$ cat upload.cif   # mmCIF, C-alpha atoms
data_target
#
loop_
_atom_site.label_atom_id
_atom_site.label_comp_id
_atom_site.auth_asym_id
_atom_site.auth_seq_id
_atom_site.Cartn_x
_atom_site.Cartn_y
_atom_site.Cartn_z
CA LEU A 1 82.52 58.58 10.67
CA PRO A 2 82.13 59.04 6.87
CA ASP A 3 82.87 62.76 7.34
CA ALA A 4 85.92 62.07 9.54
CA LEU A 5 87.61 59.50 7.32
CA PRO A 6 88.68 61.95 4.59
CA ILE A 7 90.33 64.16 7.23
CA TRP A 8 91.53 61.40 9.55
CA THR A 9 94.91 63.07 10.04
CA PHE A 10 93.28 66.20 11.43
CA VAL A 11 90.94 64.17 13.67
CA PHE A 12 93.83 62.10 15.01
CA LEU A 13 95.95 65.15 15.79
CA LEU A 14 92.99 66.89 17.45
CA ALA A 15 92.36 63.86 19.67
CA LEU A 16 96.05 63.69 20.56
CA VAL A 17 96.11 67.38 21.52
CA VAL A 18 93.02 66.96 23.72
CA LEU A 19 94.65 63.95 25.43
CA VAL A 20 97.87 65.85 26.15
CA ILE A 21 95.97 68.87 27.47
CA SER A 22 93.89 66.60 29.71
CA ILE A 23 97.02 65.01 31.19
CA PHE A 24 98.60 68.38 32.02
CA ALA A 25 95.28 69.60 33.42
CA PHE A 26 95.51 67.00 36.21
CA ASP A 27 98.25 69.09 37.85
CA PHE A 28 95.90 72.07 38.09
CA LEU A 29 92.54 70.40 38.70
CA GLY A 30 93.62 67.50 40.93
CA PHE A 31 92.61 63.91 40.45
CA ALA A 32 91.20 61.13 42.58
CA PHE A 33 90.15 57.70 41.38
CA ILE A 34 87.31 57.54 43.90
CA PRO A 35 87.20 60.76 45.98
CA PRO A 36 86.45 60.35 49.70
CA THR A 37 82.79 60.72 50.57
CA ASP A 38 80.88 61.11 53.80
CA MET A 39 79.78 57.55 54.58
CA SER A 40 78.43 58.45 58.06
CA GLU A 41 80.99 56.09 59.58
CA ILE A 42 84.35 56.61 61.28
CA GLN A 43 86.89 53.91 62.11
CA LEU A 44 89.35 54.01 65.00
CA GLU A 45 92.42 51.84 65.52
CA ILE A 46 93.91 52.10 69.00
CA GLU A 47 97.28 50.76 70.13
CA THR A 48 98.45 50.79 73.74
CA PRO A 49 102.02 50.15 74.95
CA PRO A 50 103.34 46.57 74.81
CA GLY A 51 102.54 44.65 77.98
CA TYR A 52 99.07 46.14 78.43
CA THR A 53 96.42 43.62 79.41
CA LEU A 54 92.94 43.52 77.91
CA ASP A 55 91.55 45.27 81.00
CA MET A 56 94.14 48.06 80.74
CA THR A 57 93.41 48.53 77.05
CA LYS A 58 89.68 48.54 77.79
CA GLU A 59 90.18 51.42 80.22
CA LYS A 60 91.78 53.46 77.43
CA VAL A 61 89.01 52.54 75.02
CA ASP A 62 86.38 53.58 77.57
CA ALA A 63 88.11 56.96 77.90
CA VAL A 64 88.16 57.36 74.10
CA GLU A 65 84.48 56.47 73.82
CA GLN A 66 83.59 58.97 76.55
CA ILE A 67 85.35 61.74 74.63
CA VAL A 68 83.58 60.71 71.43
CA ARG A 69 80.20 60.88 73.16
CA GLU A 70 81.11 64.27 74.60
CA LEU A 71 82.37 65.92 71.43
CA VAL A 72 80.18 64.26 68.82
CA PRO A 73 76.45 64.58 69.51
CA GLU A 74 75.89 63.28 65.97
CA VAL A 75 76.81 59.76 67.10
CA ASP A 76 74.19 57.11 66.46
CA THR A 77 76.02 53.99 67.70
CA THR A 78 79.57 53.00 68.68
CA ILE A 79 81.17 49.58 68.90
CA PHE A 80 84.68 48.60 69.97
CA TYR A 81 86.54 45.29 69.74
CA ILE A 82 89.18 44.94 72.44
CA GLY A 83 92.14 42.81 71.40
CA GLN A 84 91.53 43.19 67.66
CA LYS A 85 93.77 45.22 65.36
CA GLY A 86 91.36 45.85 62.49
CA ALA A 87 88.14 44.94 60.75
CA LEU A 88 89.56 41.89 58.97
CA THR A 89 92.35 40.97 61.39
CA LEU A 90 92.16 37.46 62.80
CA SER A 91 95.10 37.68 65.18
CA LYS A 92 94.47 38.86 68.72
CA SER A 93 96.55 41.34 70.70
CA SER A 94 95.85 42.64 74.19
CA SER A 95 97.41 46.01 73.32
CA HIS A 96 95.12 46.77 70.36
CA ALA A 97 91.51 47.77 69.86
CA PHE A 98 89.35 48.55 66.86
CA GLY A 99 86.16 50.60 66.79
CA ARG A 100 83.45 51.95 64.55
CA ILE A 101 81.44 55.12 65.07
CA ARG A 102 78.16 55.28 63.21
CA LEU A 103 76.81 58.80 62.69
CA VAL A 104 73.28 59.90 62.02
CA GLU A 105 72.34 60.59 58.42
CA THR A 106 73.89 63.61 56.76
CA LYS A 107 70.56 65.39 56.49
CA HIS A 108 70.27 65.37 60.29
CA ARG A 109 73.67 66.96 61.05
CA ASP A 110 75.57 70.11 60.12
CA ARG A 111 79.11 68.72 60.30
CA SER A 112 80.60 66.26 57.86
CA SER A 113 82.39 63.15 59.03
CA PHE A 114 85.67 64.77 57.95
CA ASP A 115 85.06 67.77 60.24
CA ILE A 116 84.32 65.38 63.10
CA MET A 117 87.48 63.37 62.41
CA ASP A 118 89.58 66.54 62.58
CA VAL A 119 88.14 67.30 66.02
CA LEU A 120 88.76 63.77 67.31
CA ARG A 121 92.32 63.69 65.92
CA ALA A 122 93.12 66.83 67.88
CA GLU A 123 91.32 66.04 71.15
CA ILE A 124 91.78 62.31 71.79
CA PRO A 125 95.61 62.15 71.73
CA ALA A 126 95.75 65.29 73.90
CA ARG A 127 93.39 63.90 76.55
CA VAL A 128 94.17 60.16 76.59
CA PRO A 129 97.83 59.37 77.29
CA ASP A 130 99.72 56.21 76.33
CA ILE A 131 97.80 55.43 73.17
CA ASP A 132 98.50 55.62 69.45
CA ILE A 133 95.21 56.19 67.65
CA THR A 134 94.43 56.25 63.94
CA ILE A 135 91.13 57.77 62.82
CA VAL A 136 90.01 57.24 59.23
CA ASN A 137 86.89 57.45 57.14
CA GLY A 138 84.77 54.31 57.29
CA GLY A 139 82.35 52.67 54.93
CA LEU A 140 83.47 52.20 51.33
CA ASP A 141 86.70 54.14 51.89
CA SER A 142 87.89 51.64 54.50
CA TYR A 143 87.38 48.68 52.14
CA LEU A 144 89.15 50.53 49.32
CA ALA A 145 92.05 51.15 51.70
CA ILE A 146 92.30 47.41 52.37
CA ALA A 147 92.28 46.65 48.64
CA THR A 148 94.85 49.34 47.78
CA GLY A 149 97.22 48.83 50.71
CA GLY A 150 96.04 51.59 53.02
CA GLN A 151 94.97 55.20 53.02
CA GLY A 152 97.76 57.56 52.11
CA PHE A 153 101.21 56.60 50.87
CA VAL A 154 104.40 54.93 52.08
CA ILE A 155 107.98 56.24 52.06
CA GLU A 156 110.76 53.69 52.48
CA VAL A 157 114.09 54.75 53.95
CA PHE A 158 117.28 52.70 53.53
CA GLY A 159 120.70 53.11 55.13
CA ASN A 160 123.89 51.39 56.20
CA THR A 161 123.03 51.27 59.91
CA MET A 162 119.83 51.25 61.92
CA GLU A 163 120.83 54.54 63.58
CA ASP A 164 121.14 56.27 60.19
CA VAL A 165 117.79 54.88 59.09
CA VAL A 166 116.03 56.06 62.26
CA VAL A 167 117.48 59.57 62.00
CA ALA A 168 116.58 59.85 58.32
CA ALA A 169 113.07 58.46 58.88
CA ARG A 170 112.36 60.93 61.67
CA THR A 171 113.65 63.78 59.53
CA VAL A 172 111.27 62.76 56.74
CA GLN A 173 108.45 62.48 59.26
CA ASN A 174 109.07 66.00 60.58
CA ILE A 175 109.03 67.39 57.05
CA MET A 176 105.77 65.59 56.26
CA ARG A 177 104.14 66.89 59.43
CA GLN A 178 104.56 70.43 58.13
CA ASP A 179 102.17 69.65 55.27
CA PRO A 180 98.65 70.75 56.28
CA ASN A 181 97.16 68.11 53.99
CA ILE A 182 98.72 65.27 56.01
CA SER A 183 96.70 64.33 59.09
CA LYS A 184 99.07 61.76 60.58
CA THR A 185 102.45 60.16 60.00
CA GLU A 186 103.63 56.84 61.40
CA LEU A 187 107.00 55.12 61.70
CA ASN A 188 107.04 51.32 61.58
CA ILE A 189 110.25 51.15 63.63
CA SER A 190 109.90 49.28 66.90
CA PHE A 191 112.77 48.38 69.18
CA ASN A 192 110.67 46.28 71.58
CA LYS A 193 109.73 43.67 69.01
CA GLN A 194 111.80 41.10 67.19
CA GLU A 195 111.21 40.37 63.53
CA LEU A 196 113.02 38.17 61.06
CA VAL A 197 112.74 38.84 57.32
CA SER A 198 114.23 36.22 55.01
CA ASP A 199 114.82 36.43 51.28
CA LEU A 200 114.73 32.78 50.21
CA ALA A 201 116.30 31.47 47.01
CA LEU A 202 113.43 29.29 45.83
CA ASP A 203 115.36 27.73 42.95
CA TYR A 204 118.21 26.66 45.24
CA MET A 205 115.71 25.38 47.82
CA GLY A 206 114.05 23.31 45.13
CA THR A 207 117.39 21.74 44.26
CA LEU A 208 117.90 20.77 47.89
CA GLY A 209 114.32 19.58 48.31
CA VAL A 210 113.55 22.15 51.04
CA THR A 211 110.06 23.64 51.16
CA PRO A 212 109.41 27.27 52.23
CA TYR A 213 107.55 25.95 55.29
CA GLU A 214 110.57 23.92 56.43
CA ALA A 215 112.87 26.89 55.90
CA ALA A 216 110.52 29.15 57.89
CA VAL A 217 110.30 26.70 60.79
CA SER A 218 114.08 26.27 60.87
CA SER A 219 114.59 30.04 60.83
CA ARG A 220 112.11 30.47 63.67
CA ILE A 221 113.98 27.88 65.78
CA LEU A 222 117.32 29.59 65.09
CA PHE A 223 115.84 33.00 65.89
CA ASN A 224 113.72 32.23 68.98
CA GLY A 225 114.89 28.79 70.03
CA ILE A 226 112.51 25.97 70.89
CA THR A 227 111.46 24.14 74.03
CA THR A 228 111.58 20.43 73.33
CA GLY A 229 110.87 19.11 76.81
CA THR A 230 111.96 19.03 80.43
CA TYR A 231 114.99 17.05 81.56
CA ARG A 232 114.72 15.29 84.90
CA GLU A 233 117.47 13.32 86.57
CA GLY A 234 116.59 10.75 89.20
CA ASP A 235 113.63 11.80 91.35
CA ASN A 236 114.01 15.50 90.49
#

$ encode --input "upload.cif" --output "structure tokens"
Amino acid sequence: LPDALPIWTFVFLLALVVLVISIFAFDFLGFAFIPPTDMSEIQLEIETPPGYTLDMTKEKVDAVEQIVRELVPEVDTTIFYIGQKGALTLSKSSSHAFGRIRLVETKHRDRSSFDIMDVLRAEIPARVPDIDITIVNGGLDSYLAIATGGQGFVIEVFGNTMEDVVVAARTVQNIMRQDPNISKTELNISFNKQELVSDLALDYMGTLGVTPYEAAVSSRILFNGITTGTYREGDN
């Protein structure tokens, strides 16, 4: 420090140059906050068509597990939760399933978990119809994905009509599929489900004395209706 103080201008400029070079070097070297590692665990999220019962979804899960056992001799244990969407999901759905594949230790196998995931991503959708399956790295990576909003990135598409949005979204999806670094693309457009999104003016609601809960309940009644009872006339 005593030697640097007399030439502080030179030291400052040198540090600034190193910082700028380091920033531009990211484009050539690549950067990851926490790079994916082989955690000897693979997670599967399975979705079957709407209307599937738990038994029907279980049949698909059994077929998936059979393929896993066939193609992955490195499997130590497997566990599947029928009717559960994810590791931390509390809601139940008969058309969803969540599973974990635990592999043997890395020193006892030649393939990495990423090589195994590539095989499963290619084989399972081709051999098990009527399912939408997502296969991701488990362990620490799965918890980081929950904390950061998911693995990968999101592209939002806006338009004047739903038809324009769907066409544009599918065009973007086809372009992304041409990238060899992208393993899977998903569209969150569903025509067999109803969803209401409200942008509430909290300040105006406060003036009227309406709570967000009351506004949500009223919107749900307007959107879906409500059964208040059964009317009977006479002995009927």

$ atom_distance --input "upload.cif" --atom1 "atom CA of A:Arg121" --atom2 "atom CA of A:Met56"
21.6 Å

$ residues_around --input "upload.cif" --residues "stretch 176-188 of chain A" --least-positions-apart "3" --cutoff "9 Å" --atoms "all atoms listed in the file" --output "VMD selection string"
chain A and resid 118 121 134 152 169 to 173

$ write_last_selection --input "upload.cif" --atoms "C-alpha atoms" --output "compact mmCIF listing (two decimals), in the frame of the given file"
# COMPACT_ATOMS: atom_id res chain seq x y z
CA ASP A 118 89.58 66.54 62.58
CA ARG A 121 92.32 63.69 65.92
CA THR A 134 94.43 56.25 63.94
CA GLY A 152 97.76 57.56 52.11
CA ALA A 169 113.07 58.46 58.88
CA ARG A 170 112.36 60.93 61.67
CA THR A 171 113.65 63.78 59.53
CA VAL A 172 111.27 62.76 56.74
CA GLN A 173 108.45 62.48 59.26

$ resolve_selection --input "upload.cif" --expression "the PyMOL selection byres ((chain A and resi 58) around 10)" --output "PyMOL selection string"
chain A and resi 48+52-57+59-64+80-83+94-97

$ write_last_selection --input "upload.cif" --atoms "C-alpha atoms" --output "PDB file, in the frame of the given file"
ATOM      1  CA  THR A  48      98.450  50.790  73.740  1.00  0.00           C
ATOM      2  CA  TYR A  52      99.070  46.140  78.430  1.00  0.00           C
ATOM      3  CA  THR A  53      96.420  43.620  79.410  1.00  0.00           C
ATOM      4  CA  LEU A  54      92.940  43.520  77.910  1.00  0.00           C
ATOM      5  CA  ASP A  55      91.550  45.270  81.000  1.00  0.00           C
ATOM      6  CA  MET A  56      94.140  48.060  80.740  1.00  0.00           C
ATOM      7  CA  THR A  57      93.410  48.530  77.050  1.00  0.00           C
ATOM      8  CA  GLU A  59      90.180  51.420  80.220  1.00  0.00           C
ATOM      9  CA  LYS A  60      91.780  53.460  77.430  1.00  0.00           C
ATOM     10  CA  VAL A  61      89.010  52.540  75.020  1.00  0.00           C
ATOM     11  CA  ASP A  62      86.380  53.580  77.570  1.00  0.00           C
ATOM     12  CA  ALA A  63      88.110  56.960  77.900  1.00  0.00           C
ATOM     13  CA  VAL A  64      88.160  57.360  74.100  1.00  0.00           C
ATOM     14  CA  PHE A  80      84.680  48.600  69.970  1.00  0.00           C
ATOM     15  CA  TYR A  81      86.540  45.290  69.740  1.00  0.00           C
ATOM     16  CA  ILE A  82      89.180  44.940  72.440  1.00  0.00           C
ATOM     17  CA  GLY A  83      92.140  42.810  71.400  1.00  0.00           C
ATOM     18  CA  SER A  94      95.850  42.640  74.190  1.00  0.00           C
ATOM     19  CA  SER A  95      97.410  46.010  73.320  1.00  0.00           C
ATOM     20  CA  HIS A  96      95.120  46.770  70.360  1.00  0.00           C
ATOM     21  CA  ALA A  97      91.510  47.770  69.860  1.00  0.00           C
TER      22      ALA A  97
END

$ closest_residue --input "upload.cif" --among "A:Val217, A:Met39, A:Ala15, A:Ala168" --to "A:Leu140" --atoms "all atoms listed in the file"
A:Met39

$ atom_distance --input "upload.cif" --atom1 "atom CA of A:Ala215" --atom2 "atom CA of A:Asp199"
10.8 Å

$ atom_distance --input "upload.cif" --atom1 "atom CA of A:Gln84" --atom2 "atom CA of A:Val136"
16.5 Å

$ axis_aligned_box --input "upload.cif" --around "stretch 35-53 of chain A" --padding-each-side "6 Å" --output "AutoDock Vina command-line options"
--center_x 90.9 --center_y 52.4 --center_z 62.7 --size_x 36.9 --size_y 29.5 --size_z 45.4

$ resolve_selection --input "upload.cif" --expression "the PyMOL selection byres ((chain A and resi 123) around 12)" --output "ChimeraX atom specification"
/A:63-64,66-68,70-72,116-122,124-129,133,135

$ closest_residue --input "upload.cif" --among "A:Thr9, A:Val75, A:Pro49, A:Leu202" --to "A:Asp130" --atoms "only C-alpha atoms"
A:Pro49

$ closest_residue --input "upload.cif" --among "A:Glu74, A:Asp38, A:Val20, A:Ile131" --to "A:Pro50" --atoms "only C-alpha atoms"
A:Ile131

$ closest_residue --input "upload.cif" --among "A:Ile79, A:Leu14, A:Leu103, A:Met162" --to "A:Glu41" --atoms "all atoms listed in the file"
A:Leu103

$ closest_residue --input "upload.cif" --among "A:Thr37, A:Asn137, A:Asp203, A:Thr77" --to "A:Thr106" --atoms "all atoms listed in the file"
A:Thr37
